[in-house]
>>> print(open('work-v7.txt').read())   # compact mmCIF, C-alpha atoms and all ligand atoms
# COMPACT_ATOMS: atom_id res chain seq x y z
CA MET A 1 -4.90 -5.76 -10.44
CA LYS A 2 -6.54 -2.40 -9.91
CA LEU A 3 -7.56 -1.70 -6.33
CA ARG A 4 -10.55 0.36 -5.29
CA LEU A 5 -11.54 1.77 -1.93
CA SER A 6 -15.02 1.87 -0.50
CA GLU A 7 -16.35 4.99 1.21
CA GLU A 8 -15.45 3.48 4.57
CA GLY A 9 -11.84 3.19 3.47
CA LEU A 10 -11.76 -0.54 2.86
CA VAL A 11 -10.11 -1.94 -0.22
CA GLU A 12 -12.74 -3.85 -2.13
CA GLY A 13 -12.26 -7.59 -2.47
CA VAL A 14 -9.39 -7.73 -0.01
CA ARG A 15 -9.33 -9.88 3.12
CA TYR A 16 -10.38 -7.73 6.06
CA VAL A 17 -9.24 -8.82 9.51
CA PRO A 18 -10.60 -6.13 11.85
CA SER A 19 -8.20 -4.95 14.53
CA PRO A 20 -9.63 -3.49 17.75
CA ASN A 21 -6.52 -1.30 18.00
CA CYS A 22 -7.76 1.83 16.27
CA ASP A 23 -9.80 4.93 16.90
CA GLY A 24 -11.01 8.04 15.16
CA ARG A 25 -8.68 10.49 13.47
CA PRO A 26 -8.68 13.99 14.93
CA ALA A 27 -11.44 16.18 13.54
CA GLY A 28 -10.44 17.90 10.33
CA CYS A 29 -7.26 15.87 9.99
CA SER A 30 -6.65 14.72 6.43
CA ILE A 31 -4.59 11.74 5.33
CA GLU A 32 -1.31 13.05 3.98
CA LEU A 33 1.35 10.43 4.55
CA LEU A 34 1.97 6.82 3.56
CA LEU A 35 4.16 5.19 6.15
CA ILE A 36 6.05 2.08 5.07
CA HIS A 37 6.97 -0.57 7.65
CA ALA A 38 8.41 -4.06 7.63
CA ILE A 39 7.61 -6.88 10.00
CA SER A 40 8.07 -10.62 10.40
CA LEU A 41 6.92 -12.84 13.25
CA PRO A 42 8.77 -14.66 14.54
CA PRO A 43 11.55 -12.34 13.37
CA GLY A 44 13.00 -13.53 10.08
CA GLU A 45 10.26 -16.11 9.46
CA PHE A 46 7.57 -15.60 6.86
CA GLY A 47 4.08 -16.91 6.26
CA GLY A 48 3.01 -17.70 9.80
CA PRO A 49 0.00 -16.44 11.77
CA GLY A 50 2.05 -14.22 14.10
CA ILE A 51 1.47 -10.86 12.40
CA GLU A 52 -2.28 -11.18 12.23
CA ALA A 53 -2.31 -12.44 15.81
CA LEU A 54 -0.34 -9.40 16.96
CA PHE A 55 -2.67 -6.91 15.31
CA THR A 56 -5.74 -8.64 16.73
CA ASN A 57 -4.38 -9.03 20.27
CA GLN A 58 -4.19 -12.80 19.97
CA LEU A 59 -0.46 -13.35 20.04
CA ASP A 60 0.30 -16.19 22.43
CA PRO A 61 3.59 -15.50 24.27
CA ALA A 62 4.04 -19.23 24.79
CA THR A 63 4.47 -19.92 21.07
CA HIS A 64 7.83 -18.16 20.66
CA PRO A 65 10.41 -16.69 23.06
CA SER A 66 10.44 -13.38 21.17
CA TYR A 67 6.71 -12.90 21.71
CA ALA A 68 7.01 -12.30 25.46
CA THR A 69 7.84 -8.62 25.08
CA ILE A 70 5.35 -7.80 22.33
CA ALA A 71 2.34 -9.94 23.19
CA GLY A 72 0.83 -7.20 25.34
CA LEU A 73 1.24 -4.43 22.78
CA ARG A 74 -1.86 -2.79 21.42
CA VAL A 75 -0.78 -2.04 17.87
CA SER A 76 -2.19 -2.18 14.38
CA VAL A 77 -1.63 -1.07 10.82
CA HIS A 78 -3.97 -0.43 7.95
CA PHE A 79 -2.43 -2.90 5.51
CA LEU A 80 -0.12 -5.89 5.39
CA ILE A 81 1.49 -7.04 2.16
CA ARG A 82 2.61 -10.66 2.38
CA ARG A 83 5.66 -12.09 0.63
CA ASP A 84 3.47 -13.33 -2.25
CA GLY A 85 1.83 -9.93 -2.63
CA GLY A 86 -1.28 -10.97 -0.71
CA LEU A 87 -3.01 -7.99 0.85
CA VAL A 88 -4.68 -7.94 4.27
CA GLN A 89 -6.45 -4.94 5.76
CA PHE A 90 -6.80 -4.49 9.52
CA VAL A 91 -8.13 -0.95 9.91
CA PRO A 92 -10.30 1.15 7.57
CA CYS A 93 -8.32 4.07 6.15
CA THR A 94 -10.80 6.50 7.61
CA LYS A 95 -9.75 5.39 11.10
CA ARG A 96 -6.48 5.90 12.94
CA ALA A 97 -4.32 2.79 13.22
CA TRP A 98 -1.63 2.54 15.87
CA HIS A 99 1.62 1.89 14.02
CA ALA A 100 3.93 4.90 14.14
CA GLY A 101 4.36 5.42 17.87
CA GLU A 102 6.37 8.46 18.88
CA SER A 103 7.15 10.02 15.53
CA SER A 104 7.62 13.19 13.57
CA TRP A 105 7.27 14.03 9.89
CA ARG A 106 8.02 17.46 8.43
CA GLY A 107 7.84 18.94 11.90
CA ARG A 108 4.52 17.31 12.77
CA SER A 109 4.36 14.80 15.59
CA ARG A 110 1.86 11.94 16.08
CA CYS A 111 2.09 10.54 12.56
CA ASN A 112 -0.76 8.10 13.25
CA ASP A 113 -3.15 11.04 13.06
CA PHE A 114 -2.52 11.79 9.41
CA SER A 115 -0.96 8.65 7.95
CA ILE A 116 -1.83 5.27 6.51
CA GLY A 117 0.42 2.47 7.70
CA ILE A 118 1.52 -0.29 5.35
CA GLU A 119 3.50 -3.27 6.64
CA LEU A 120 5.55 -5.33 4.22
CA GLU A 121 6.30 -8.82 5.44
CA GLY A 122 10.07 -8.69 5.53
CA ALA A 123 13.24 -8.44 7.55
CA ASP A 124 16.42 -6.42 7.64
CA HIS A 125 18.55 -9.10 5.97
CA VAL A 126 16.53 -10.13 2.90
CA PRO A 127 15.25 -8.32 -0.20
CA PHE A 128 11.54 -7.84 -0.66
CA GLU A 129 9.70 -9.78 -3.35
CA ASP A 130 8.68 -8.42 -6.76
CA ALA A 131 5.05 -9.21 -5.91
CA GLN A 132 5.30 -6.96 -2.87
CA TYR A 133 6.51 -3.98 -4.89
CA GLU A 134 3.76 -4.57 -7.44
CA ARG A 135 1.07 -4.69 -4.80
CA LEU A 136 2.50 -1.74 -2.92
CA ALA A 137 2.49 0.36 -6.09
CA ALA A 138 -1.11 -0.61 -6.87
CA LEU A 139 -2.16 0.20 -3.32
CA THR A 140 -0.34 3.52 -3.48
CA HIS A 141 -2.25 4.46 -6.64
CA ALA A 142 -5.57 3.55 -5.07
CA LEU A 143 -4.85 5.54 -1.92
CA ARG A 144 -3.64 8.56 -3.83
CA ALA A 145 -6.83 8.60 -5.83
CA CYS A 146 -8.82 8.93 -2.60
CA TYR A 147 -6.70 10.95 -0.21
CA PRO A 148 -4.44 14.03 -0.46
CA ILE A 149 -1.24 12.06 0.05
CA ALA A 150 1.64 14.55 0.16
CA GLY A 151 4.48 12.19 0.97
CA ILE A 152 5.76 8.68 1.54
CA ALA A 153 8.20 7.80 4.31
CA GLY A 154 9.63 4.82 6.13
CA HIS A 155 9.08 4.17 9.81
CA SER A 156 12.81 4.76 10.30
CA ASP A 157 12.41 8.23 8.77
CA VAL A 158 9.79 9.36 11.26
CA ALA A 159 11.23 7.56 14.29
CA PRO A 160 15.01 7.64 13.70
CA GLY A 161 17.11 5.92 16.31
CA ARG A 162 14.07 4.03 17.52
CA LYS A 163 12.99 2.14 14.40
CA THR A 164 14.91 0.64 11.48
CA ASP A 165 12.09 -0.62 9.25
CA PRO A 166 11.50 -1.02 6.39
CA GLY A 167 15.27 -1.58 6.50
CA PRO A 168 18.23 -1.49 4.12
CA TYR A 169 16.69 -3.91 1.64
CA PHE A 170 13.66 -1.83 0.82
CA ASP A 171 14.38 -0.39 -2.62
CA TRP A 172 13.09 3.16 -2.39
CA ALA A 173 14.30 4.07 -5.87
CA ARG A 174 12.43 1.15 -7.38
CA TYR A 175 9.24 1.92 -5.48
CA ARG A 176 9.33 5.63 -6.30
CA ALA A 177 9.97 4.88 -9.96
CA MET A 178 7.01 2.51 -10.09
CA VAL A 179 4.75 5.02 -8.46
CA ASP A 180 5.90 7.93 -10.58
CA ILE A 181 5.76 6.13 -13.89
CA SER A 182 2.21 5.02 -13.38
CA ARG A 183 1.31 8.31 -11.86
CA GLN A 184 1.63 9.98 -15.24
CA GLY A 185 -1.52 8.23 -16.28
CA THR A 186 -3.17 8.33 -12.91
CA LYS A 187 -5.00 11.47 -11.94
CA THR A 188 -6.48 12.03 -8.54
CA ALA A 189 -10.26 11.91 -8.32
CA GLU A 190 -10.27 15.69 -8.18
CA GLU A 191 -8.09 16.09 -11.25
CA ARG A 192 -10.15 13.59 -13.19
CA ARG A 193 -13.31 15.45 -12.41
CA SER A 194 -11.98 18.86 -13.38
CA ARG A 195 -10.34 17.53 -16.52
CA THR A 196 -13.49 15.81 -17.71
CA THR A 197 -15.51 18.94 -17.08
CA LYS A 198 -12.99 21.04 -18.96
CA ASP A 199 -12.86 18.65 -21.89
CA MET A 200 -16.61 18.64 -22.10
CA LYS A 201 -16.67 22.41 -22.26
CA VAL A 202 -14.11 22.52 -25.02
CA THR A 203 -15.53 19.82 -27.21
CA GLY A 204 -19.13 20.45 -26.35
CA ARG A 205 -19.79 16.73 -26.04
CA LYS A 206 -19.26 14.06 -23.52
CA VAL A 207 -15.77 12.63 -23.56
CA PRO A 208 -15.25 8.97 -22.85
CA PRO A 209 -14.08 8.29 -19.29
CA ILE A 210 -10.33 8.05 -19.07
CA THR A 211 -10.45 5.58 -16.23
CA GLY A 212 -10.16 2.67 -18.65
CA ARG A 213 -6.62 3.63 -19.61
CA ARG A 214 -5.32 4.58 -16.24
CA LEU A 215 -3.20 1.55 -15.64
CA PRO A 216 -0.06 1.16 -17.71
CA VAL A 217 -0.29 -1.68 -20.18
CA MET A 218 2.12 -4.42 -19.25
CA ALA A 219 4.79 -4.94 -21.83
CA SER A 220 4.08 -8.67 -21.91
CA ARG A 221 0.62 -8.04 -23.35
CA THR A 222 2.06 -6.80 -26.59
CA ALA A 223 3.82 -10.11 -26.97
CA THR A 224 0.54 -11.64 -28.14
CA ALA A 225 0.47 -9.49 -31.24
CA PRO A 226 3.36 -11.04 -33.19
CA ARG A 227 2.14 -14.51 -32.30
CA ARG A 228 -0.88 -14.01 -34.50
CA ARG A 229 1.38 -13.61 -37.49
CA GLY A 230 2.70 -17.01 -36.57
CA THR A 231 -0.37 -18.47 -38.30
CA ALA A 232 1.93 -18.41 -41.31
CA LYS A 233 3.37 -21.54 -39.73
CA ARG A 234 1.33 -23.60 -42.14
CA SER A 235 3.18 -22.24 -45.12
CA LYS A 236 6.44 -23.17 -43.48
CA LYS A 237 5.84 -26.86 -43.66
ZN ZN B 1 7.38 -0.02 11.79
>>> encode(input="work-v7.txt", output="structure tokens", more="lines below")
Ligand SMILES: [Zn+2]
Amino acid sequence: MKLRLSEEGLVEGVRYVPSPNCDGRPAGCSIELLLIHAISLPPGEFGGPGIEALFTNQLDPATHPSYATIAGLRVSVHFLIRRDGGLVQFVPCTKRAWHAGESSWRGRSRCNDFSIGIELEGADHVPFEDAQYERLAALTHALRACYPIAGIAGHSDVAPGRKTDPGPYFDWARYRAMVDISRQGTKTAEERRSRTTKDMKVTGRKVPPITGRRLPVMASRTATAPRRRGTAKRSKK
């Protein structure tokens, strides 16, 4: 499914659970980093209401022993990708979410200023789901089309020694391959604009928008083609 962002930085058609834990980005600060996290609440358990409760300051410390130390935290993230690939947004991309903490990327501190935080529902001891990689790749494409993303890092990369997420089971090679493969057909908004203008100049006529072919065609789609020839079934009998 192709994802689109509104001008306010909300992904269209996605469940939006507003978090009060956000503020404005510094003036003139562009969004250059995607920061990948992993979380599960209670730790190691999936599907419960804990994560959304944490990011909306509604985590009840009485519901689990591990919540006592985190219930008072004022934290948030822009996106959460559930185990089934379900996407939840807590903070508009245009705003600063509070997910990185003390951090540094390419010599710059305060990663929250210039990053978008994405939590994957997961834990250090289990692989992530296919649906999560798919959704993460789609989200990455949508964000790249809107913002000058210059890099992707894990929380453990920008806060080494303090954070371990997304953990040893996050398959960076797989994610990067998914993003790069599709990227060949995915221009940024800027590139699309300049290319269309250039093409128009060369051909002297309006070229059809290339947006319709931006997403790679899934291999499974082509499987419908041979089936049609199967109408020869009748002759087999
Ligand atoms: Zn994290």
>>> atom_distance(input="work-v7.txt", atom1="CA of Ala145 in chain A", atom2="CA of Pro166 in chain A")
24.0 Å
>>> closest_residue(input="work-v7.txt", among="A:Thr94, A:Ser19, A:Thr63, A:Ser40", to="ligand ZN 1 (chain B)", atoms="all atoms listed in the file")
A:Ser40
>>> residues_near_ligand(input="work-v7.txt", ligand="ligand ZN 1 (chain B)", cutoff="9 Å", atoms="all atoms listed in the file", output="list in words")
Leu35, Ile36, His37, Ala38, Ile39, His99, Ala100, Gly101, Gly117, Ile118, Glu119, Gly154, His155, Ser156, Ala159, Lys163, Thr164, Asp165 and Pro166 of chain A
>>> atom_distance(input="work-v7.txt", atom1="CA of Asn57 in chain A", atom2="CA of Val17 in chain A")
11.8 Å
>>> closest_residue(input="work-v7.txt", among="A:Glu45, A:Asp130, A:Glu8, A:Glu52", to="Asp84 in chain A", atoms="all atoms listed in the file")
A:Asp130
>>> closest_residue(input="work-v7.txt", among="A:Cys93, A:Ile31, A:Leu41, A:Met1", to="Pro18 in chain A", atoms="only C-alpha atoms")
A:Cys93
>>> closest_residue(input="work-v7.txt", among="A:Tyr133, A:Trp98, A:Tyr147, A:Phe55", to="Arg82 in chain A", atoms="only C-alpha atoms")
A:Tyr133
>>> residues_around(input="work-v7.txt", residues="Ala137 in chain A", least_positions_apart="2", cutoff="9 Å", atoms="only C-alpha atoms", output="ChimeraX atom specification")
/A:132-135,139-142,175-176,178-179,182
>>> residues_near_point(input="work-v7.txt", point="(7.2, -15.8, 20.5)", cutoff="12 Å", atoms="all atoms listed in the file", output="PyMOL selection string")
chain A and resi 40-43+45+48-51+53-54+58-72
>>> atom_distance(input="work-v7.txt", atom1="CA of Trp105 in chain A", atom2="CA of His78 in chain A")
18.4 Å
>>> residues_around(input="work-v7.txt", residues="Pro127 in chain A", least_positions_apart="4", cutoff="10 Å", atoms="all atoms listed in the file", output="VMD selection string")
chain A and resid 122 to 123 167 to 171
>>> closest_residue(input="work-v7.txt", among="A:Pro26, A:Gly13, A:Gly44, A:Pro160", to="Ser104 in chain A", atoms="all atoms listed in the file")
A:Pro160
>>> residues_near_point(input="work-v7.txt", point="(2.4, 7.8, 9.5)", cutoff="7 Å", atoms="all atoms listed in the file", output="ChimeraX atom specification")
/A:33-35,100,111-112,114-117
>>> write_last_selection(input="work-v7.txt", atoms="C-alpha atoms", output="PDB file, in the coordinates of the input")
ATOM      1  CA  LEU A  33       1.350  10.430   4.550  1.00  0.00           C
ATOM      2  CA  LEU A  34       1.970   6.820   3.560  1.00  0.00           C
ATOM      3  CA  LEU A  35       4.160   5.190   6.150  1.00  0.00           C
ATOM      4  CA  ALA A 100       3.930   4.900  14.140  1.00  0.00           C
ATOM      5  CA  CYS A 111       2.090  10.540  12.560  1.00  0.00           C
ATOM      6  CA  ASN A 112      -0.760   8.100  13.250  1.00  0.00           C
ATOM      7  CA  PHE A 114      -2.520  11.790   9.410  1.00  0.00           C
ATOM      8  CA  SER A 115      -0.960   8.650   7.950  1.00  0.00           C
ATOM      9  CA  ILE A 116      -1.830   5.270   6.510  1.00  0.00           C
ATOM     10  CA  GLY A 117       0.420   2.470   7.700  1.00  0.00           C
TER      11      GLY A 117
END
>>> closest_residue(input="work-v7.txt", among="A:Val91, A:Ala150, A:Ile81, A:Ala177", to="Glu129 in chain A", atoms="all atoms listed in the file")
A:Ile81
